[in-house]
>>> print(open('coords.cif').read())   # mmCIF, C-alpha atoms
data_entry
#
loop_
_atom_site.label_atom_id
_atom_site.label_comp_id
_atom_site.auth_asym_id
_atom_site.auth_seq_id
_atom_site.Cartn_x
_atom_site.Cartn_y
_atom_site.Cartn_z
CA MET A 1 0.00 0.00 0.00
CA LEU A 2 1.33 3.44 -0.95
CA THR A 3 1.78 5.91 1.90
CA PHE A 4 1.79 9.58 0.89
CA ILE A 5 4.01 11.71 3.11
CA GLN A 6 4.32 15.16 1.50
CA ILE A 7 2.83 17.71 -0.87
CA THR A 8 5.07 18.87 -3.69
CA GLN A 9 5.18 21.58 -6.32
CA VAL A 10 8.07 19.95 -8.14
CA GLU A 11 7.14 18.47 -11.53
CA HIS A 12 6.81 14.67 -11.42
CA VAL A 13 5.26 11.93 -13.49
CA ILE A 14 1.79 11.37 -12.06
CA ILE A 15 0.77 7.71 -11.70
CA SER A 16 -2.87 8.27 -10.72
CA THR A 17 -5.36 10.66 -9.18
CA VAL A 18 -7.29 10.65 -5.93
CA THR A 19 -10.66 12.36 -5.55
CA LEU A 20 -11.38 13.52 -2.00
CA SER A 21 -14.10 15.49 -0.21
CA TYR A 22 -13.22 18.62 1.74
CA GLU A 23 -13.53 16.68 5.00
CA GLN A 24 -10.97 14.17 3.72
CA ARG A 25 -8.61 16.85 2.36
CA VAL A 26 -8.19 18.47 5.80
CA LYS A 27 -7.10 15.23 7.47
CA SER A 28 -3.41 14.44 7.58
CA ARG A 29 -3.87 10.78 8.60
CA LEU A 30 -6.36 8.85 6.49
CA LYS A 31 -6.89 5.61 4.58
CA ILE A 32 -7.84 6.44 1.00
CA LYS A 33 -8.48 4.72 -2.30
CA LEU A 34 -6.87 6.09 -5.45
CA ASP A 35 -9.13 6.63 -8.45
CA ASN A 36 -7.57 3.53 -10.05
CA GLY A 37 -8.86 1.49 -7.08
CA GLU A 38 -5.52 1.04 -5.33
CA PRO A 39 -5.64 1.41 -1.52
CA ALA A 40 -3.32 4.02 -0.03
CA GLY A 41 -2.78 6.10 3.06
CA LEU A 42 -2.12 9.72 3.89
CA PHE A 43 0.54 10.43 6.47
CA LEU A 44 1.06 14.14 5.83
CA PRO A 45 2.45 16.78 8.19
CA ARG A 46 -0.20 17.87 10.69
CA GLY A 47 -2.21 20.85 9.53
CA SER A 48 -1.87 19.98 5.84
CA ILE A 49 -4.85 20.90 3.68
CA LEU A 50 -4.98 19.38 0.23
CA LYS A 51 -6.22 21.55 -2.63
CA ASN A 52 -7.39 20.73 -6.11
CA HIS A 53 -4.43 19.75 -8.35
CA ASP A 54 -1.98 19.36 -5.46
CA LYS A 55 0.54 16.61 -6.00
CA ILE A 56 1.29 14.22 -3.14
CA VAL A 57 4.41 12.06 -2.95
CA ALA A 58 4.58 8.54 -1.55
CA GLU A 59 7.48 7.26 0.56
CA THR A 60 8.57 5.28 -2.50
CA GLY A 61 8.49 8.33 -4.82
CA GLU A 62 5.21 7.81 -6.69
CA VAL A 63 3.16 10.96 -7.25
CA VAL A 64 -0.62 11.29 -7.33
CA GLU A 65 -2.70 14.36 -8.20
CA VAL A 66 -5.48 15.42 -5.82
CA ARG A 67 -8.92 16.26 -7.19
CA CYS A 68 -11.81 17.83 -5.29
CA GLU A 69 -14.89 15.63 -5.06
CA ASN A 70 -18.25 17.14 -5.91
CA GLU A 71 -20.29 17.50 -2.74
CA SER A 72 -23.53 19.07 -1.60
CA VAL A 73 -22.92 22.80 -1.38
CA SER A 74 -24.91 26.00 -1.31
CA THR A 75 -23.79 28.61 -3.81
CA VAL A 76 -24.77 32.26 -3.84
CA PHE A 77 -24.02 34.05 -7.10
CA VAL A 78 -23.57 37.72 -6.24
CA THR A 79 -21.56 40.54 -7.76
CA ASP A 80 -22.68 43.46 -5.59
CA PRO A 81 -19.73 44.12 -3.22
CA LEU A 82 -22.00 45.23 -0.37
CA LEU A 83 -24.11 42.06 -0.60
CA VAL A 84 -20.94 39.94 -0.74
CA ALA A 85 -19.67 41.65 2.41
CA ARG A 86 -23.01 41.26 4.22
CA ALA A 87 -23.28 37.57 3.34
CA CYS A 88 -19.67 36.86 4.35
CA TYR A 89 -20.14 38.80 7.59
CA HIS A 90 -23.21 36.80 8.63
CA LEU A 91 -21.70 33.46 7.61
CA GLY A 92 -18.38 34.33 9.24
CA ASN A 93 -20.17 35.13 12.50
CA ARG A 94 -21.23 31.48 12.48
CA HIS A 95 -17.65 30.30 11.81
CA ILE A 96 -18.66 28.74 8.50
CA ALA A 97 -15.94 27.63 6.10
CA LEU A 98 -16.44 29.72 2.96
CA GLN A 99 -15.23 29.51 -0.58
CA ILE A 100 -15.14 33.10 -1.82
CA ASP A 101 -14.53 33.73 -5.50
CA VAL A 102 -15.31 36.36 -8.09
CA GLY A 103 -19.08 36.29 -8.49
CA PHE A 104 -19.95 33.64 -5.90
CA ILE A 105 -19.78 32.47 -2.29
CA ARG A 106 -20.03 28.75 -1.48
CA TYR A 107 -20.39 26.73 1.73
CA GLN A 108 -21.31 23.18 2.65
CA HIS A 109 -25.06 22.88 2.25
CA ASP A 110 -27.10 23.89 5.28
CA HIS A 111 -30.78 24.77 4.88
CA VAL A 112 -30.74 27.08 7.93
CA LEU A 113 -27.94 29.16 6.41
CA ASP A 114 -29.74 29.10 3.05
CA GLU A 115 -32.82 30.60 4.73
CA MET A 116 -30.71 33.23 6.50
CA LEU A 117 -29.22 34.38 3.19
CA ALA A 118 -32.63 34.32 1.52
CA GLY A 119 -33.66 36.74 4.28
CA LEU A 120 -30.91 39.05 2.97
CA GLU A 121 -32.64 38.80 -0.42
CA LEU A 122 -29.92 36.59 -1.90
CA THR A 123 -30.66 33.60 -4.12
CA VAL A 124 -29.10 30.37 -2.87
CA ILE A 125 -28.64 27.37 -5.14
CA CYS A 126 -28.06 23.90 -3.71
CA GLU A 127 -25.80 21.96 -6.07
CA GLU A 128 -23.12 19.30 -6.35
CA ALA A 129 -19.77 21.04 -6.85
CA PRO A 130 -16.19 21.00 -5.55
CA PHE A 131 -15.72 22.83 -2.23
CA GLU A 132 -12.45 24.63 -1.61
CA PRO A 133 -12.86 27.16 1.21
CA GLU A 134 -10.46 29.83 2.35
CA THR A 135 -7.75 28.40 4.58
CA GLY A 136 -7.70 31.37 6.95
CA ALA A 137 -5.27 34.14 7.75
CA TYR A 138 -3.18 32.06 10.12
CA HIS A 139 -2.86 29.16 7.70
CA GLY A 140 -1.36 31.19 4.85
CA SER A 141 -2.33 31.15 1.21
CA GLY A 142 -0.13 28.24 0.21
CA HIS A 143 1.51 25.17 1.66
CA SER A 144 4.46 26.07 3.85
CA HIS A 145 5.81 22.54 3.54
CA HIS A 146 6.19 22.41 -0.25
CA GLU A 147 9.51 21.55 -1.85
CA HIS A 148 11.17 24.42 -3.70
#
>>> encode(input="coords.cif", output="C-alpha cells")
Amino acid sequence: MLTFIQITQVEHVIISTVTLSYEQRVKSRLKIKLDNGEPAGLFLPRGSILKNHDKIVAETGEVVEVRCENESVSTVFVTDPLLVARACYHLGNRHIALQIDVGFIRYQHDHVLDEMLAGLELTVICEEAPFEPETGAYHGSGHSHHEH
C-alpha cells in the first residue's frame, strides 16, 4: 500500500489521481483509495490541507494528483460588493468555512444558512460542486511545507 508523506510543487510523473471530499482533504492521517482502485494512506504533516491539483508524494516516490470531489454545497451568485460583504459577515459570524470567489460564495449545504441568506434577499442554489474554502489568515495562502 502506498503511503503519501508530503505535498510537492516539483514536476513529477503522475501515476494516478485521488478524488477527496473537503472533509478528507483536511485530514493528515487517512486511509484512501486512489481513483484507479488502489488502496493508499495519507501520512502528511499535521495541519496539511490538500487543494485541487496538489501533487502528493509517496514514501517510494510515486506521485498522485489530488482532485476535489463534488459534494452538496450551497452557492450564492452575487456581484454586488455590499451584498458579498453582508453575506460573508453573517456566515463568518457562524464560523462557517467559505469559498469566496469572483461572483460567488459557497459553503457546505445547510438549509438554515440558506434561509438566512434568503432573508438578505440573496438567491441560494443547492448543487453538487467542488468545495475549496479559504484556509484562513493564520494558515497562509499556500503550503508552507512544499519543496522548492
>>> closest_residue(input="coords.cif", among="A:Ser28, A:Val84, A:Tyr22, A:Pro133", to="A:Ile96", atoms="only C-alpha atoms")
A:Pro133
>>> residues_near_point(input="coords.cif", point="(-8.5, 25.5, -1.5)", cutoff="12 Å", atoms="all atoms listed in the file", output="PyMOL selection string")
chain A and resi 21-22+25-26+48-54+66-68+97-101+106+130-136+139-143
>>> residues_around(input="coords.cif", residues="A:Val13", least_positions_apart="4", cutoff="9 Å", atoms="all atoms listed in the file", output="CSV table (one decimal) with C-alpha atoms, keeping the file's coordinate frame")
chain,number,residue,atom,x,y,z
A,62,GLU,CA,5.2,7.8,-6.7
A,63,VAL,CA,3.2,11.0,-7.2
A,64,VAL,CA,-0.6,11.3,-7.3
>>> resolve_selection(input="coords.cif", expression="the PyMOL selection byres ((chain A and resi 34) around 12)", output="list in words")
Met1, Leu2, Thr3, Phe4, Ile15, Ser16, Thr17, Val18, Thr19, Leu20, Lys31, Ile32, Lys33, Asp35, Asn36, Gly37, Glu38, Pro39, Ala40, Gly41, Leu42, Ile56, Val63, Val64, Glu65, Val66 and Arg67 of chain A
>>> residues_near_point(input="coords.cif", point="(-29.3, 16.9, 5.7)", cutoff="12 Å", atoms="all atoms listed in the file", output="list in words")
Ser72, Val73, Gln108, His109, Asp110, His111, Val112 and Cys126 of chain A
>>> closest_residue(input="coords.cif", among="A:Gln24, A:Thr8, A:Thr75, A:Asn70", to="A:Ile125", atoms="all atoms listed in the file")
A:Thr75
>>> atom_distance(input="coords.cif", atom1="atom CA of A:Pro45", atom2="atom CA of A:Ala58")
12.9 Å
>>> atom_distance(input="coords.cif", atom1="atom CA of A:Thr123", atom2="atom CA of A:Val76")
6.0 Å
>>> atom_distance(input="coords.cif", atom1="atom CA of A:Arg94", atom2="atom CA of A:Leu113")
9.3 Å
>>> closest_residue(input="coords.cif", among="A:Ser74, A:Leu122, A:Glu69, A:Asp114", to="A:Arg86", atoms="only C-alpha atoms")
A:Leu122
>>> closest_residue(input="coords.cif", among="A:Ile5, A:Val57, A:Phe77, A:Lys27", to="A:Val102", atoms="all atoms listed in the file")
A:Phe77
>>> decode(input="coords.cif", residues="stretch 52-125 of chain A", atoms="C-alpha atoms", output="PDB file, in the first residue's frame")
ATOM      1  CA  ASN A  52      -7.393  20.727  -6.114  1.00  0.00           C
ATOM      2  CA  HIS A  53      -4.434  19.749  -8.353  1.00  0.00           C
ATOM      3  CA  ASP A  54      -1.980  19.360  -5.457  1.00  0.00           C
ATOM      4  CA  LYS A  55       0.544  16.605  -6.004  1.00  0.00           C
ATOM      5  CA  ILE A  56       1.291  14.221  -3.144  1.00  0.00           C
ATOM      6  CA  VAL A  57       4.412  12.061  -2.954  1.00  0.00           C
ATOM      7  CA  ALA A  58       4.581   8.539  -1.545  1.00  0.00           C
ATOM      8  CA  GLU A  59       7.480   7.260   0.559  1.00  0.00           C
ATOM      9  CA  THR A  60       8.565   5.279  -2.502  1.00  0.00           C
ATOM     10  CA  GLY A  61       8.487   8.326  -4.820  1.00  0.00           C
ATOM     11  CA  GLU A  62       5.210   7.810  -6.688  1.00  0.00           C
ATOM     12  CA  VAL A  63       3.157  10.960  -7.252  1.00  0.00           C
ATOM     13  CA  VAL A  64      -0.620  11.294  -7.334  1.00  0.00           C
ATOM     14  CA  GLU A  65      -2.704  14.358  -8.201  1.00  0.00           C
ATOM     15  CA  VAL A  66      -5.481  15.422  -5.824  1.00  0.00           C
ATOM     16  CA  ARG A  67      -8.918  16.256  -7.192  1.00  0.00           C
ATOM     17  CA  CYS A  68     -11.811  17.827  -5.286  1.00  0.00           C
ATOM     18  CA  GLU A  69     -14.888  15.630  -5.056  1.00  0.00           C
ATOM     19  CA  ASN A  70     -18.250  17.143  -5.905  1.00  0.00           C
ATOM     20  CA  GLU A  71     -20.291  17.498  -2.738  1.00  0.00           C
ATOM     21  CA  SER A  72     -23.525  19.069  -1.603  1.00  0.00           C
ATOM     22  CA  VAL A  73     -22.919  22.802  -1.383  1.00  0.00           C
ATOM     23  CA  SER A  74     -24.906  25.997  -1.309  1.00  0.00           C
ATOM     24  CA  THR A  75     -23.787  28.609  -3.814  1.00  0.00           C
ATOM     25  CA  VAL A  76     -24.770  32.261  -3.843  1.00  0.00           C
ATOM     26  CA  PHE A  77     -24.024  34.047  -7.098  1.00  0.00           C
ATOM     27  CA  VAL A  78     -23.570  37.717  -6.241  1.00  0.00           C
ATOM     28  CA  THR A  79     -21.563  40.540  -7.759  1.00  0.00           C
ATOM     29  CA  ASP A  80     -22.678  43.464  -5.588  1.00  0.00           C
ATOM     30  CA  PRO A  81     -19.733  44.118  -3.217  1.00  0.00           C
ATOM     31  CA  LEU A  82     -22.005  45.231  -0.374  1.00  0.00           C
ATOM     32  CA  LEU A  83     -24.110  42.058  -0.597  1.00  0.00           C
ATOM     33  CA  VAL A  84     -20.943  39.935  -0.740  1.00  0.00           C
ATOM     34  CA  ALA A  85     -19.674  41.655   2.412  1.00  0.00           C
ATOM     35  CA  ARG A  86     -23.006  41.262   4.222  1.00  0.00           C
ATOM     36  CA  ALA A  87     -23.283  37.571   3.338  1.00  0.00           C
ATOM     37  CA  CYS A  88     -19.673  36.859   4.347  1.00  0.00           C
ATOM     38  CA  TYR A  89     -20.140  38.805   7.594  1.00  0.00           C
ATOM     39  CA  HIS A  90     -23.208  36.800   8.631  1.00  0.00           C
ATOM     40  CA  LEU A  91     -21.703  33.457   7.607  1.00  0.00           C
ATOM     41  CA  GLY A  92     -18.377  34.334   9.244  1.00  0.00           C
ATOM     42  CA  ASN A  93     -20.170  35.128  12.497  1.00  0.00           C
ATOM     43  CA  ARG A  94     -21.230  31.478  12.476  1.00  0.00           C
ATOM     44  CA  HIS A  95     -17.654  30.297  11.813  1.00  0.00           C
ATOM     45  CA  ILE A  96     -18.665  28.740   8.501  1.00  0.00           C
ATOM     46  CA  ALA A  97     -15.936  27.629   6.101  1.00  0.00           C
ATOM     47  CA  LEU A  98     -16.441  29.716   2.956  1.00  0.00           C
ATOM     48  CA  GLN A  99     -15.226  29.508  -0.581  1.00  0.00           C
ATOM     49  CA  ILE A 100     -15.143  33.104  -1.819  1.00  0.00           C
ATOM     50  CA  ASP A 101     -14.532  33.725  -5.497  1.00  0.00           C
ATOM     51  CA  VAL A 102     -15.310  36.357  -8.092  1.00  0.00           C
ATOM     52  CA  GLY A 103     -19.078  36.288  -8.489  1.00  0.00           C
ATOM     53  CA  PHE A 104     -19.952  33.645  -5.897  1.00  0.00           C
ATOM     54  CA  ILE A 105     -19.785  32.470  -2.292  1.00  0.00           C
ATOM     55  CA  ARG A 106     -20.025  28.754  -1.479  1.00  0.00           C
ATOM     56  CA  TYR A 107     -20.390  26.735   1.726  1.00  0.00           C
ATOM     57  CA  GLN A 108     -21.309  23.176   2.651  1.00  0.00           C
ATOM     58  CA  HIS A 109     -25.059  22.879   2.255  1.00  0.00           C
ATOM     59  CA  ASP A 110     -27.098  23.889   5.280  1.00  0.00           C
ATOM     60  CA  HIS A 111     -30.777  24.770   4.880  1.00  0.00           C
ATOM     61  CA  VAL A 112     -30.744  27.076   7.932  1.00  0.00           C
ATOM     62  CA  LEU A 113     -27.936  29.155   6.410  1.00  0.00           C
ATOM     63  CA  ASP A 114     -29.741  29.097   3.050  1.00  0.00           C
ATOM     64  CA  GLU A 115     -32.821  30.596   4.732  1.00  0.00           C
ATOM     65  CA  MET A 116     -30.715  33.225   6.498  1.00  0.00           C
ATOM     66  CA  LEU A 117     -29.216  34.377   3.186  1.00  0.00           C
ATOM     67  CA  ALA A 118     -32.630  34.320   1.519  1.00  0.00           C
ATOM     68  CA  GLY A 119     -33.656  36.744   4.280  1.00  0.00           C
ATOM     69  CA  LEU A 120     -30.905  39.051   2.967  1.00  0.00           C
ATOM     70  CA  GLU A 121     -32.641  38.800  -0.420  1.00  0.00           C
ATOM     71  CA  LEU A 122     -29.925  36.587  -1.898  1.00  0.00           C
ATOM     72  CA  THR A 123     -30.659  33.600  -4.119  1.00  0.00           C
ATOM     73  CA  VAL A 124     -29.100  30.374  -2.867  1.00  0.00           C
ATOM     74  CA  ILE A 125     -28.644  27.374  -5.142  1.00  0.00           C
TER      75      ILE A 125
END
